[in-house]
Structure formats: structure tokens, C-alpha cells
2 protein chains.
Amino acid sequence: MSSTTSGAYDDLLEHVTQLSYVEDAGGLLRWDQQVMMPEGGTPARSKQQSALSTLHHDLLTDDELAGYLDDLDEASLDPGQQAVVREVRREHERARKVPRDLVERISEATSEALPVWEQAREDDDFESYAPVLEELVDLRREYAQAIDPDRDPYEVLFEEFEPYLGLDTAERVLEELRAELPDLIDAVAESDVTQPRPFDGSYDVDDQEELVRAALDELGFDWDRGRLDTSAHPFTSGTQFDARITTRFDPEKPLDSLSSTIHEFGHATYALGLPDDEYGTPLGEARDLTVHESQSRLWENHVGRSRAFWEFFLPTVEEHFGVETTPEAAYGAANRVYDDNLIRVEADELTYHMHILVRFEIERDLIAGDLDVDEVPSVWNDRMEEYLGIRPDTDAEGCLQDIHWTNGTFGYFPTYSLGSVLAAQLYDAADGEIGPIEEGIRAGEFDDLRTWMTENVHSHGRRYTTDDLVREATGEDYTAEYFIEYVTEKYGDLYDL
Amino acid sequence: MSSTTSGAYDDLLEHVTQLSYVEDAGGLLRWDQQVMMPEGGTPARSKQQSALSTLHHDLLTDDELAGYLDDLDEASLDPGQQAVVREVRREHERARKVPRDLVERISEATSEALPVWEQAREDDDFESYAPVLEELVDLRREYAQAIDPDRDPYEVLFEEFEPYLGLDTAERVLEELRAELPDLIDAVAESDVTQPRPFDGSYDVDDQEELVRAALDELGFDWDRGRLDTSAHPFTSGTQFDARITTRFDPEKPLDSLSSTIHEFGHATYALGLPDDEYGTPLGEARDLTVHESQSRLWENHVGRSRAFWEFFLPTVEEHFGVETTPEAAYGAANRVYDDNLIRVEADELTYHMHILVRFEIERDLIAGDLDVDEVPSVWNDRMEEYLGIRPDTDAEGCLQDIHWTNGTFGYFPTYSLGSVLAAQLYDAADGEIGPIEEGIRAGEFDDLRTWMTENVHSHGRRYTTDDLVREATGEDYTAEYFIEYVTEKYGDLYDL
């Protein structure tokens, strides 16, 4: 690398790390808003957020950065540097195509949409939400067209959340799930087996919090670099130096806070596994949502909903909740398939993907202009009936339940399924190398699994594209095969199929 | 105002509010660092802070802003607009004179100084801290000279914290305190009166927290726009929409957490009293440290250490602490003058200012180059002996006790005394208009006093310079007269002088 190239690369890196620090500052403002901020703080916080977003957009799109990228166009760079330039160029080019004015209109529209959605959900009044949703759909279509007028706008939007696997892969995987899961779901519904409900009852929120903290201790959460708090919607935020988990507690649903905490723990392992010395560069950032969701699902389901985990962890649960049961009953309860569940985030590992399919098909048609906003509730209810055999009585429990569209995000939902699928593939690869993993789980030893994920996934940051990362980690192309196998075996066993 | 002027003013305002939002985002990052952040988060947080500071400096000094200010040079503006331009111009011109490189060197030096100071204080080892202090003194002298090479550098630094009262006023006031207080302190020391100590003992931290929350409830703290948390050093941070107080608890010092919380409540009233619709402009920002400290001292001392307050609040204290005493004894305990106290933040209302004088004289000589860093401990101890009749055994309890120099701030200390003096003057003015205030206090009614302060002080933001603000609020020039009168009367009564 010539010294000029090296100079341009260093300049690029300085510019990019500043960008990234500003983004992380914005992340902290969002965390605080959802976890700590008093209610009255909203007007000031919106302005602070918007100022940081504008600065970020300006830094990402400015001519200085364009110049560094030009200078590095033909440069000979090592693979890590190439990856940095690839990632920065991609984001820079996308952002540069979007007029600043449109960025601001989207930011305003989503700010204004939030209270309308909250009220509409409370009043079960889709009609009052419809104009807001229509505006957001229009704005996002405009956004996609600004980035690439010649491509399917949904594809362009999807790439915001999963830039490398391709929408065709997502569709293929979702198609496989649509082909394979309904028979399994039907078989479960027709099975004579009923899973026990040893944890039914009401549990003190303080006891639940102590329990999830004990779970994080056992799993090896690094409290020197993290926190656990509560928020209306659980999420994880932060960096390799400071990864913060939130959860929520419902006295009647003690297993939900546990599984949601373990889910977020998975996200946090990814953040904390990113290399310290690459903080602020793409090599120190997580590889988008498919991979992120693979980590949360892996810990939530393959670990936290495994028989081995309940053999290990049940005594702790019994102690905190003052119940007595068997590991087998607890395992069954944690994996019960509900035939009447309308809510995505409360779904089991099978029906979950049917919820995703409903959302995916509807948002895809909305963005394509093939579906009117007014038709969303009826199409929603029809699809729920078709895929899950249940029909919501209210839109609040139907199409109004999730916040994503209100946030202006379309194309996000598929990554939930893509991540679940990848979790199974990664678990299988890890199991082949360091397994049987369940023996470790049964003994309460989780470090080997986490270390394997750090070495094979986290530590690479964005060095590889998603598909390459999967190949590097597993030796195979991305595939749904392991997931189908996993759920077939697990639920076959649980329900005597 | 012509339409061009109006355009330039609007542009200026947009630029300035963006600046202010970035600054407030930085404020939240600092709050979080001291209150919420896990220890491991430091490296990332320092980088995020530094990125925001750099962006802020760039925005404050850029040619765009200079252009707006030029355009508005001869414009006819209304008084509020004139004030905005005056304040922005002042900060812009100061910042523009400071090389970006120097800003970064100061930021780095202060980051690096913090752990050195903490360790030195722990080990009582001034020698290891001396080189750091020397560097900070040199950097700040360079900073002052960059701003104005022809003026006393200490004066230039002082104006960072109190831009309008003038160092000559500060010196005059400190001189008055030096002339008046020692006789009073001596008389107290020689008095036969000993104040009772009804709260001696150890108090559960949870009970203390409940008590200070009860105090904030009574004082009228707006929990919808604020929080209370704990931190190593109590402080207040935030905006008119979200003002956050911190306190700390020592089981052996139950009155300290109460008075420190009431002190911070005073700061918070200022933030919360700023006009909502001026958020982000100088008219929505607090008028610097003298005025800020007047609000905290007013509530801490004139309210929280008054006889009337203890008549009202003692039952609540008794209930939380399980003690029984008389209002008079509690009042005495809250105002006990310690003849052996080495620590500024634990000092009573009289000796406090002697602590300030010691610091003021030393930092002034350091910046002038009239005192070597190595001599600080011995000069410190000599002055303490001269002014307070006590000599620290260790530097940890001496010149290493306060964090200010380590933060790179020189010229800050005098504003503590200036604020106390102003508190007495404002209290007297309010008492003349809406008094007797103590009757309200005795009845647990604090809203009138807070409203008076909001109307006469808070709501103006930076519309007036400090001296004009004092004149507007009190009808008189800034003076130490009321403070001297107040302490003479109060301690004369307490100690039978």
C-alpha cells in the first residue's frame, strides 16, 4: 500500500469512526428514552435525536468521504481494509441517493406516527391509524425509489436490514417454512399430548427479576460491560464495551421474562464479542439483522428452551418461584404450542414463522402498491385464519400489534425467520466441533458455546458478507435444512408425532 | 427587521439550536457515565464524548455561523433577538480563537488526569499528581492566552463560568467575605453554645432515599420532568423538559444526603423554570454559574437550613429515621459550625467561604505563574491554618479533595461564593414582594417562592447579562450586603453572639 493510499485509508477510518461514535451516542439517547427518561422529556429528546441523525447523514454523505473512497478505488488493500471500504462505500452510496429533505420527512413522520399508533391500538381503531400508515408506505416507497428506481422497492428496503443474503434467499427460506411447518403445526394440534403448565399462577415481579439476573449470571453475562433494565418492549443496545439488555415482567407470564431475557442475552453476546480494537470501524460492528437474530434465537431456543437447560436450571426457578415440578414438565411448558395465540412475540418456535409470513406478505404488497392500506385489517385476519386457524377479534390484537411499520421500517420482519434458521445451522456446526453442547448446558457450562460463536461469528464484525460469514462459520451455504430438522425432531418428540 | 435580516436570524437560530441539541446529547452521555454506565464502558464513552465535542466545536466556530453573525451586525433586532446574537457571538468568538488542536489536547489531558487524580487521592500521593496538574495549568494558560493574550489569564478563565459580573466584582465580594466572616467564625468558636446532635448514628441508605424523595415531593419537584439517582459526586443535569438530580448516601451522615438533594433541587428548579418554547436558544438556557449556584444555595440554605423548614419537615424525618427530637435541636444540628472540618462540601455556611478563598488564591497564583505546582500542598496547608485554624494531615484531605482542577477547570471556585451571596440578595427581594417566605415554608408551601424565582430569574434564560438580571430581579446592583446580614443574624442567634 502506497503512503498516499495509507493516508486516504487513515482519513477514511477517522471519518468513519467519528460517524460511528455519533451513531452510538444516538443509540444511548434511544436507550435512555425507553428506559430512564421521564415522560416530559420527549420534546427535547426528539430534537436531540434529530440533530444527531442530521449530523450523521451529513457526515455519511459528505464530499470529503466521497473523496477518500475515490482515492481508494484502485488501491491495494489487505482483506480487512477491503471489507471496511466495501461497507463504508455501500452505506455512503445508499445514503447519498436519499435527499436530506426526505430523510427529515421520514424522521418527522415516524415521530408523529408513534402516538397515533399507540392511541389507535388502545382504542382498537385502525381507521385513525390508516392515513399515517399510508404516508409511511408512500415515504418508504419514495425512499426505495431514490436509492434504485429500477428495482423492486421492497427488495431495496429489505437490504437495509439484510444487505447480502438477497431477497430471493429470504423468499426461498420463507417458502420452505410455509411448505414444511403447517403440517407440523396441524400434527401438534391433533396430538393427544398436552404440555403441562406447572408455572401457571402469579409471580412477584421482584422474584422474576432476581430469577432472570440469576439466569444471566449462569449464562456468563459480563456485568462489567452491561446492564439489565426494564422497558415496555425488550431490546438490546450498545457496543462491545457496554451492552445493555432490557426485559419486561408480567406477573402471569413468568416464563416470558426469562425467555425474553435469554433472547436479549444472545444479542448482547454478539455486541460483547465484537473486537475491542476495531470499535467504531465496520470490523467492530455486528453483521446486520439476520446474524444478530441468529444469536438471540440460538440462546433463547436452542439453549433456553432445551431439555438440558431445564435439567440444569429448574432448581433455581423452583427456589425463586416456590414451585416444585420436574425438568420434563418444565421443558414441556417452555415449549408448549398455543393453538390460540394471536401475538407474534409470544409465539412458540413453530407458529412464530406463520406470524412472520402474514406480515411479510402484507408489507410486501403494500410497498408494491398491490394492497390498499384500508384492506390491511381484513387481509390480515384472513391470512391469520388461513395460516394459524385463528381470527383476531380486534385489530389491536391483529395488524396493530407490532411497532415496526410505525417506526417506518418495512422489510425488517423476514430477518426474524432468517435468523431463526441460521441459529439452527450455527448450532449444528458448533455441535459438530465442540459438542455435544447439551452436555455443557446440562452442567451449566456455557462458555464453550459462547466462545465458539465469538470466534466464528462475532469477532469478524463485518469482515465477511452474510453469506460468506455463514460459509466461514459452518462450511456450508446458508440453508433452512437444519432448522426444519431441528423443529421436526423437537416437536415430534414433545408431541409424540 | 428586513426580510434578509429575518432570514439571517432564522438561519442563525437553526444553527444555534442544532449546536445546543448536540451539547445536550453530550450532557446525557455524561449523566449516564456517572449514573448508569457499567465500568467497562469508559473507552467507548470517551470516544463518543470526544466526537460530540469536536462536532460541537466545529459547528460553533464554522464560517457559516460567522456569516450569519456578520449579516446581523447592523440589523435592527428586538431585545430578545439582540440577546441571542450577543450570547452566540460571545461564544463563537471565544471558541474561534482557540485552535482545535488545543481543544483536543485539553480533552485528552483531562481524560488522562482523572484516574491519576483518583489514585493519588487514594494513596495520598501528591507527587504522582503534580506533573498532571502542571500540564493542566500550562494548557489552561495557553487556552486563556489564545483567547486574549493581553489580559490576565485567570480573568479570561473565570469568564468561562461567569461571563458578565467581572473578576473585579468577584474579588471585591471575596474580599468582603474575608473581612467579615473570620470574626464571626471566631465568635462561634468561642461561644458557649454547642449545637445538639440528635441525628448522630447510622441510617439505612434505603430509609435515607425514601426521606429525600419525600423532601422532593414536598418541595414540589416535577417527577414528570425529572429523576433522582445516586452518583459518586452529586450533580444536576438536563433541560427544561428533563432535569435530573443525583445525590449520595453515607449511613453516618443522614443530613448530608438531605441537604445535598435540596441543593440539587435548587439547580433543577432553574432548569425546569426555563421557557419551553425557547429550548435550544440562549433564551432557553441558564445564565451561567453564579445564578445557578444562587438557586441551589437558596434552597439548600435559606429554605432547607431554616428554622421554619425544620418546624415543617421534622415529623417526616422522625418517621423515616425513627428518632425523636425538637425542631429547634434539628435546626441547630443542621447549622452546626464544625471547627475541625477539612472538607469543603461538608462545610457550614460560614467556613465554606474560607475554603473557597484558599482555593481561589492558590489557583489564581498557579495560573499567573506565581506559584509552582510543587508548592501547592504546603501553601494549601498554611492557608487552611491561617483561615480556619486547622491543618490537614494528608493531601488527600487537603489540596487533592476536589475534582475541578483535574477536569481542567480553573476559575470556577469563586462562583460558589458569588452564588451564595446572590442567594441571600434574591431571597430578600422575594421576601419583600411575597413574604414572609418563612410562613410559607413553615406551612410546607414552596410554590410561591419557586414561582417568584421562575418569573424573576429562570424565565429570562440569558436575556439579561448577570448584572442586569440581578438588577431586574432585585432592583439593586449585585451586593454581598444581604449575605453578610443573613449569616450575622442567623449565626448570632444560633450561637448567642
# chains A, B, ... in the order shown; residues from 1 in each chain; ligands from 1
$ interface_residues --of "chain B" --to "chain A" --cutoff "8 Å" --atoms "only C-alpha atoms" --output "ChimeraX atom specification"
/B:18,21-22,24-25,28-29,37-44,47-48,51-52,223-227,239,241-242,279
$ write_last_selection --atoms "N, CA and C atoms" --output "mmCIF file, in the first residue's frame"
data_model
loop_
_atom_site.group_PDB
_atom_site.id
_atom_site.type_symbol
_atom_site.label_atom_id
_atom_site.label_comp_id
_atom_site.auth_asym_id
_atom_site.auth_seq_id
_atom_site.Cartn_x
_atom_site.Cartn_y
_atom_site.Cartn_z
ATOM 1 N N GLN B 18 -29.253 23.569 16.743
ATOM 2 C CA GLN B 18 -28.588 22.289 16.463
ATOM 3 C C GLN B 18 -27.404 22.092 17.408
ATOM 4 N N TYR B 21 -28.601 21.230 20.828
ATOM 5 C CA TYR B 21 -29.093 19.850 20.942
ATOM 6 C C TYR B 21 -27.913 18.873 21.042
ATOM 7 N N VAL B 22 -26.864 19.134 20.263
ATOM 8 C CA VAL B 22 -25.673 18.269 20.339
ATOM 9 C C VAL B 22 -25.049 18.371 21.729
ATOM 10 N N ASP B 24 -26.597 19.061 24.507
ATOM 11 C CA ASP B 24 -27.448 18.356 25.467
ATOM 12 C C ASP B 24 -27.332 16.844 25.320
ATOM 13 N N ALA B 25 -27.117 16.387 24.100
ATOM 14 C CA ALA B 25 -26.853 14.952 23.908
ATOM 15 C C ALA B 25 -25.580 14.580 24.671
ATOM 16 N N LEU B 28 -26.275 14.234 28.296
ATOM 17 C CA LEU B 28 -26.870 12.951 28.673
ATOM 18 C C LEU B 28 -25.799 11.862 28.753
ATOM 19 N N LEU B 29 -24.837 11.884 27.819
ATOM 20 C CA LEU B 29 -23.764 10.890 27.867
ATOM 21 C C LEU B 29 -22.963 10.995 29.167
ATOM 22 N N MET B 37 -23.681 3.908 33.567
ATOM 23 C CA MET B 37 -22.769 3.144 32.713
ATOM 24 C C MET B 37 -21.985 2.075 33.471
ATOM 25 N N PRO B 38 -21.933 0.847 32.941
ATOM 26 C CA PRO B 38 -21.051 -0.131 33.570
ATOM 27 C C PRO B 38 -19.589 0.307 33.387
ATOM 28 N N GLU B 39 -18.777 -0.112 34.341
ATOM 29 C CA GLU B 39 -17.391 0.352 34.386
ATOM 30 C C GLU B 39 -16.642 0.172 33.064
ATOM 31 N N GLY B 40 -16.898 -0.976 32.431
ATOM 32 C CA GLY B 40 -16.165 -1.294 31.204
ATOM 33 C C GLY B 40 -16.461 -0.373 30.036
ATOM 34 N N GLY B 41 -17.483 0.462 30.178
ATOM 35 C CA GLY B 41 -17.899 1.286 29.051
ATOM 36 C C GLY B 41 -17.022 2.493 28.756
ATOM 37 N N THR B 42 -16.074 2.772 29.662
ATOM 38 C CA THR B 42 -15.289 4.004 29.538
ATOM 39 C C THR B 42 -14.634 4.241 28.174
ATOM 40 N N PRO B 43 -13.905 3.263 27.612
ATOM 41 C CA PRO B 43 -13.203 3.580 26.355
ATOM 42 C C PRO B 43 -14.149 4.041 25.247
ATOM 43 N N ALA B 44 -15.295 3.378 25.123
ATOM 44 C CA ALA B 44 -16.238 3.775 24.075
ATOM 45 C C ALA B 44 -16.857 5.134 24.393
ATOM 46 N N LYS B 47 -14.702 8.092 23.563
ATOM 47 C CA LYS B 47 -14.669 8.382 22.123
ATOM 48 C C LYS B 47 -15.959 9.055 21.661
ATOM 49 N N GLN B 48 -17.088 8.595 22.181
ATOM 50 C CA GLN B 48 -18.367 9.217 21.801
ATOM 51 C C GLN B 48 -18.402 10.679 22.261
ATOM 52 N N ALA B 51 -16.112 12.802 20.116
ATOM 53 C CA ALA B 51 -16.691 13.063 18.793
ATOM 54 C C ALA B 51 -17.737 14.174 18.877
ATOM 55 N N LEU B 52 -18.587 14.124 19.908
ATOM 56 C CA LEU B 52 -19.601 15.168 20.046
ATOM 57 C C LEU B 52 -18.962 16.526 20.339
ATOM 58 N N TRP B 223 -41.758 15.283 38.974
ATOM 59 C CA TRP B 223 -41.230 13.961 38.591
ATOM 60 C C TRP B 223 -41.518 13.612 37.134
ATOM 61 N N ASP B 224 -42.498 14.258 36.524
ATOM 62 C CA ASP B 224 -42.752 14.022 35.097
ATOM 63 C C ASP B 224 -41.654 14.598 34.226
ATOM 64 N N ARG B 225 -40.877 15.485 34.821
ATOM 65 C CA ARG B 225 -39.774 16.086 34.063
ATOM 66 C C ARG B 225 -38.456 15.929 34.805
ATOM 67 N N GLY B 226 -38.329 14.893 35.593
ATOM 68 C CA GLY B 226 -37.072 14.766 36.314
ATOM 69 C C GLY B 226 -36.876 13.408 36.943
ATOM 70 N N ARG B 227 -35.689 13.168 37.446
ATOM 71 C CA ARG B 227 -35.337 11.924 38.110
ATOM 72 C C ARG B 227 -34.455 12.241 39.317
ATOM 73 N N THR B 239 -32.415 19.580 31.008
ATOM 74 C CA THR B 239 -33.058 20.696 30.320
ATOM 75 C C THR B 239 -34.380 21.020 31.004
ATOM 76 N N PHE B 241 -37.108 20.206 30.008
ATOM 77 C CA PHE B 241 -38.024 19.086 29.824
ATOM 78 C C PHE B 241 -37.627 17.863 30.658
ATOM 79 N N ASP B 242 -36.440 17.884 31.179
ATOM 80 C CA ASP B 242 -35.897 16.656 31.766
ATOM 81 C C ASP B 242 -34.678 17.022 32.608
ATOM 82 N N TYR B 279 -36.411 26.392 24.072
ATOM 83 C CA TYR B 279 -35.433 25.305 24.209
ATOM 84 C C TYR B 279 -34.455 25.294 23.034
#
$ residues_around --residues "Val103 (chain B)" --least-positions-apart "6" --cutoff "12 Å" --atoms "only C-alpha atoms" --output "list in words"
Ser50, Ser53, Thr54, Leu55, His56, His57, Asp58, Ala95, Arg96, Lys97, Ala109, Thr110, Leu139, Arg140, Glu142, Tyr143, Ala144, Ala146 and Gly408 of chain B
$ write_last_selection --atoms "C-alpha atoms" --output "PDB file, in the first residue's frame"
ATOM      1  CA  SER B  50     -14.906  13.444  22.165  1.00  0.00           C
ATOM      2  CA  SER B  53     -17.233  17.811  21.470  1.00  0.00           C
ATOM      3  CA  THR B  54     -15.382  18.051  18.185  1.00  0.00           C
ATOM      4  CA  LEU B  55     -18.615  18.363  16.221  1.00  0.00           C
ATOM      5  CA  HIS B  56     -19.789  20.999  18.680  1.00  0.00           C
ATOM      6  CA  HIS B  57     -16.570  22.974  18.351  1.00  0.00           C
ATOM      7  CA  ASP B  58     -16.763  22.741  14.559  1.00  0.00           C
ATOM      8  CA  ALA B  95     -14.170  29.412  20.566  1.00  0.00           C
ATOM      9  CA  ARG B  96     -12.799  30.622  17.248  1.00  0.00           C
ATOM     10  CA  LYS B  97      -9.680  31.904  18.950  1.00  0.00           C
ATOM     11  CA  ALA B 109      -5.212  15.643  29.160  1.00  0.00           C
ATOM     12  CA  THR B 110      -8.323  15.826  31.328  1.00  0.00           C
ATOM     13  CA  LEU B 139      -2.742  24.061  28.892  1.00  0.00           C
ATOM     14  CA  ARG B 140      -5.257  26.372  30.513  1.00  0.00           C
ATOM     15  CA  GLU B 142      -2.245  28.603  26.767  1.00  0.00           C
ATOM     16  CA  TYR B 143      -6.025  28.495  26.318  1.00  0.00           C
ATOM     17  CA  ALA B 144      -6.505  31.833  28.069  1.00  0.00           C
ATOM     18  CA  ALA B 146      -5.267  32.146  22.816  1.00  0.00           C
ATOM     19  CA  GLY B 408      -9.186  21.276  33.707  1.00  0.00           C
TER      20      GLY B 408
END
$ closest_residue --among "B:Phe309, B:Tyr203, B:Phe161, B:Trp452" --to "Glu438 (chain B)" --atoms "only C-alpha atoms"
B:Phe309
$ residues_around --residues "His404 (chain B)" --least-positions-apart "3" --cutoff "12 Å" --atoms "only C-alpha atoms" --output "PyMOL selection string"
chain B and resi 110+113-114+117+133+136-137+233+359-360+363+399-401+407-413
$ write_last_selection --atoms "N, CA and C atoms" --output "compact mmCIF listing (two decimals), in the first residue's frame"
# COMPACT_ATOMS: atom_id res chain seq x y z
N THR B 110 -7.39 15.97 30.21
CA THR B 110 -8.32 15.83 31.33
C THR B 110 -8.80 14.37 31.45
N ALA B 113 -6.06 12.66 33.14
CA ALA B 113 -5.81 13.14 34.50
C ALA B 113 -6.70 12.44 35.53
N LEU B 114 -7.90 12.11 35.13
CA LEU B 114 -8.89 11.61 36.09
C LEU B 114 -8.40 10.39 36.89
N TRP B 117 -5.53 11.37 39.29
CA TRP B 117 -6.02 12.08 40.48
C TRP B 117 -6.68 11.12 41.46
N LEU B 133 -1.08 17.98 37.07
CA LEU B 133 -1.60 19.31 37.40
C LEU B 133 -0.83 20.39 36.66
N LEU B 136 -1.97 20.59 33.12
CA LEU B 136 -3.30 21.20 33.01
C LEU B 136 -3.23 22.72 33.19
N VAL B 137 -2.39 23.15 34.13
CA VAL B 137 -2.20 24.58 34.34
C VAL B 137 -1.62 25.21 33.07
N HIS B 233 -20.43 11.84 43.00
CA HIS B 233 -20.50 13.27 43.33
C HIS B 233 -21.85 13.79 42.88
N ARG B 359 -8.80 28.02 47.88
CA ARG B 359 -8.71 27.52 46.51
C ARG B 359 -8.53 28.65 45.50
N PHE B 360 -9.27 29.70 45.69
CA PHE B 360 -9.20 30.84 44.77
C PHE B 360 -7.80 31.43 44.72
N GLU B 363 -5.32 28.88 43.00
CA GLU B 363 -5.44 28.68 41.56
C GLU B 363 -5.11 29.96 40.80
N CYS B 399 -5.33 19.49 49.44
CA CYS B 399 -5.48 20.05 48.10
C CYS B 399 -5.96 19.04 47.06
N LEU B 400 -5.99 17.74 47.41
CA LEU B 400 -6.44 16.73 46.44
C LEU B 400 -7.94 16.45 46.54
N GLN B 401 -8.64 17.13 47.45
CA GLN B 401 -10.03 16.72 47.71
C GLN B 401 -11.00 17.02 46.58
N ASN B 407 -10.49 18.26 36.17
CA ASN B 407 -11.35 18.47 35.00
C ASN B 407 -10.84 19.58 34.10
N GLY B 408 -9.74 20.18 34.51
CA GLY B 408 -9.19 21.28 33.71
C GLY B 408 -9.89 22.60 33.94
N THR B 409 -10.66 22.70 35.03
CA THR B 409 -11.36 23.96 35.28
C THR B 409 -10.65 24.77 36.36
N PHE B 410 -10.24 25.96 35.96
CA PHE B 410 -9.64 26.94 36.87
C PHE B 410 -10.47 28.22 36.72
N GLY B 411 -10.87 28.79 37.83
CA GLY B 411 -11.71 29.99 37.76
C GLY B 411 -13.16 29.69 38.10
N TYR B 412 -13.44 28.45 38.44
CA TYR B 412 -14.79 28.01 38.74
C TYR B 412 -15.13 28.30 40.21
N PHE B 413 -14.15 28.07 41.11
CA PHE B 413 -14.44 28.13 42.55
C PHE B 413 -15.12 29.43 43.02
$ select_by_dssp --residues "region 140-209 of chain B" --states "helix (DSSP H, G or I)" --output "ChimeraX atom specification"
/B:140-147,153-161,167-190,205-209
$ atom_distance --atom1 "CA of Ala429 (chain A)" --atom2 "CA of Thr474 (chain A)"
5.3 Å
$ residues_around --residues "Arg287 (chain B)" --least-positions-apart "3" --cutoff "10 Å" --atoms "only C-alpha atoms" --output "count of residues only"
21
$ atom_distance --atom1 "CA of Ser111 (chain A)" --atom2 "CA of Arg30 (chain A)"
12.7 Å
$ select_by_dssp --residues "region 98-244 of chain B" --states "strand (DSSP E)" --output "MDAnalysis selection string"
chainID B and resid 226:230 236:239 242:244
$ decode --residues "region 126-207 of chain A" --atoms "C-alpha atoms" --output "short mmCIF file (atom, residue, chain, number, x, y, z; two decimals), in the first residue's frame"
data_model
loop_
_atom_site.label_atom_id
_atom_site.label_comp_id
_atom_site.auth_asym_id
_atom_site.auth_seq_id
_atom_site.Cartn_x
_atom_site.Cartn_y
_atom_site.Cartn_z
CA PHE A 126 -57.44 1.10 12.72
CA GLU A 127 -59.19 3.86 10.80
CA SER A 128 -57.44 6.61 12.71
CA TYR A 129 -54.09 4.94 12.02
CA ALA A 130 -54.70 4.31 8.31
CA PRO A 131 -53.66 7.76 6.99
CA VAL A 132 -50.43 7.59 9.00
CA LEU A 133 -49.62 4.13 7.66
CA GLU A 134 -50.38 5.27 4.14
CA GLU A 135 -48.00 8.20 4.48
CA LEU A 136 -45.25 5.94 5.81
CA VAL A 137 -45.72 3.45 2.98
CA ASP A 138 -45.53 6.29 0.45
CA LEU A 139 -42.43 7.77 2.05
CA ARG A 140 -40.65 4.43 2.15
CA ARG A 141 -41.56 3.73 -1.46
CA GLU A 142 -40.13 7.12 -2.36
CA TYR A 143 -37.05 6.27 -0.32
CA ALA A 144 -36.55 2.95 -2.12
CA GLN A 145 -37.01 4.60 -5.48
CA ALA A 146 -34.45 7.26 -4.62
CA ILE A 147 -31.92 4.52 -3.90
CA ASP A 148 -32.72 2.49 -7.00
CA PRO A 149 -35.66 3.34 -9.25
CA ASP A 150 -35.11 0.20 -11.35
CA ARG A 151 -35.51 -2.41 -8.66
CA ASP A 152 -38.35 -3.83 -6.63
CA PRO A 153 -38.68 -1.26 -3.86
CA TYR A 154 -39.32 -3.95 -1.23
CA GLU A 155 -36.03 -5.59 -2.15
CA VAL A 156 -34.25 -2.27 -1.68
CA LEU A 157 -35.86 -1.79 1.72
CA PHE A 158 -35.12 -5.35 2.81
CA GLU A 159 -31.43 -4.75 2.11
CA GLU A 160 -31.45 -2.05 4.75
CA PHE A 161 -31.71 -4.84 7.32
CA GLU A 162 -30.04 -7.72 5.48
CA PRO A 163 -27.77 -6.36 2.79
CA TYR A 164 -26.17 -9.52 1.48
CA LEU A 165 -28.35 -12.61 1.63
CA GLY A 166 -30.69 -11.31 -1.01
CA LEU A 167 -34.46 -11.14 -1.03
CA ASP A 168 -34.57 -14.24 -3.25
CA THR A 169 -32.92 -16.25 -0.49
CA ALA A 170 -35.33 -14.82 2.05
CA GLU A 171 -38.26 -15.79 -0.14
CA ARG A 172 -36.90 -19.26 -0.73
CA VAL A 173 -36.47 -19.81 3.00
CA LEU A 174 -39.89 -18.42 3.84
CA GLU A 175 -41.35 -20.63 1.12
CA GLU A 176 -39.72 -23.66 2.70
CA LEU A 177 -41.15 -22.74 6.07
CA ARG A 178 -44.57 -22.26 4.53
CA ALA A 179 -44.26 -25.68 2.91
CA GLU A 180 -42.97 -27.55 5.94
CA LEU A 181 -44.35 -26.01 9.10
CA PRO A 182 -48.15 -26.14 8.63
CA ASP A 183 -48.21 -29.97 8.63
CA LEU A 184 -46.18 -29.98 11.81
CA ILE A 185 -48.44 -27.39 13.42
CA ASP A 186 -51.51 -29.43 12.42
CA ALA A 187 -49.98 -32.59 13.80
CA VAL A 188 -49.26 -30.87 17.10
CA ALA A 189 -52.84 -29.59 17.23
CA GLU A 190 -54.17 -33.08 16.63
CA SER A 191 -51.78 -34.74 19.05
CA ASP A 192 -53.17 -36.24 22.26
CA VAL A 193 -50.29 -34.82 24.19
CA THR A 194 -50.98 -31.73 26.30
CA GLN A 195 -47.98 -30.00 27.77
CA PRO A 196 -48.19 -29.41 31.49
CA ARG A 197 -48.46 -25.91 32.95
CA PRO A 198 -46.52 -26.11 36.21
CA PHE A 199 -45.82 -22.37 36.28
CA ASP A 200 -49.39 -21.16 35.96
CA GLY A 201 -50.11 -18.56 38.60
CA SER A 202 -48.98 -15.13 39.58
CA TYR A 203 -45.35 -14.32 40.35
CA ASP A 204 -43.93 -11.29 42.08
CA VAL A 205 -42.06 -9.03 39.72
CA ASP A 206 -39.11 -8.74 42.13
CA ASP A 207 -38.80 -12.52 42.25
#
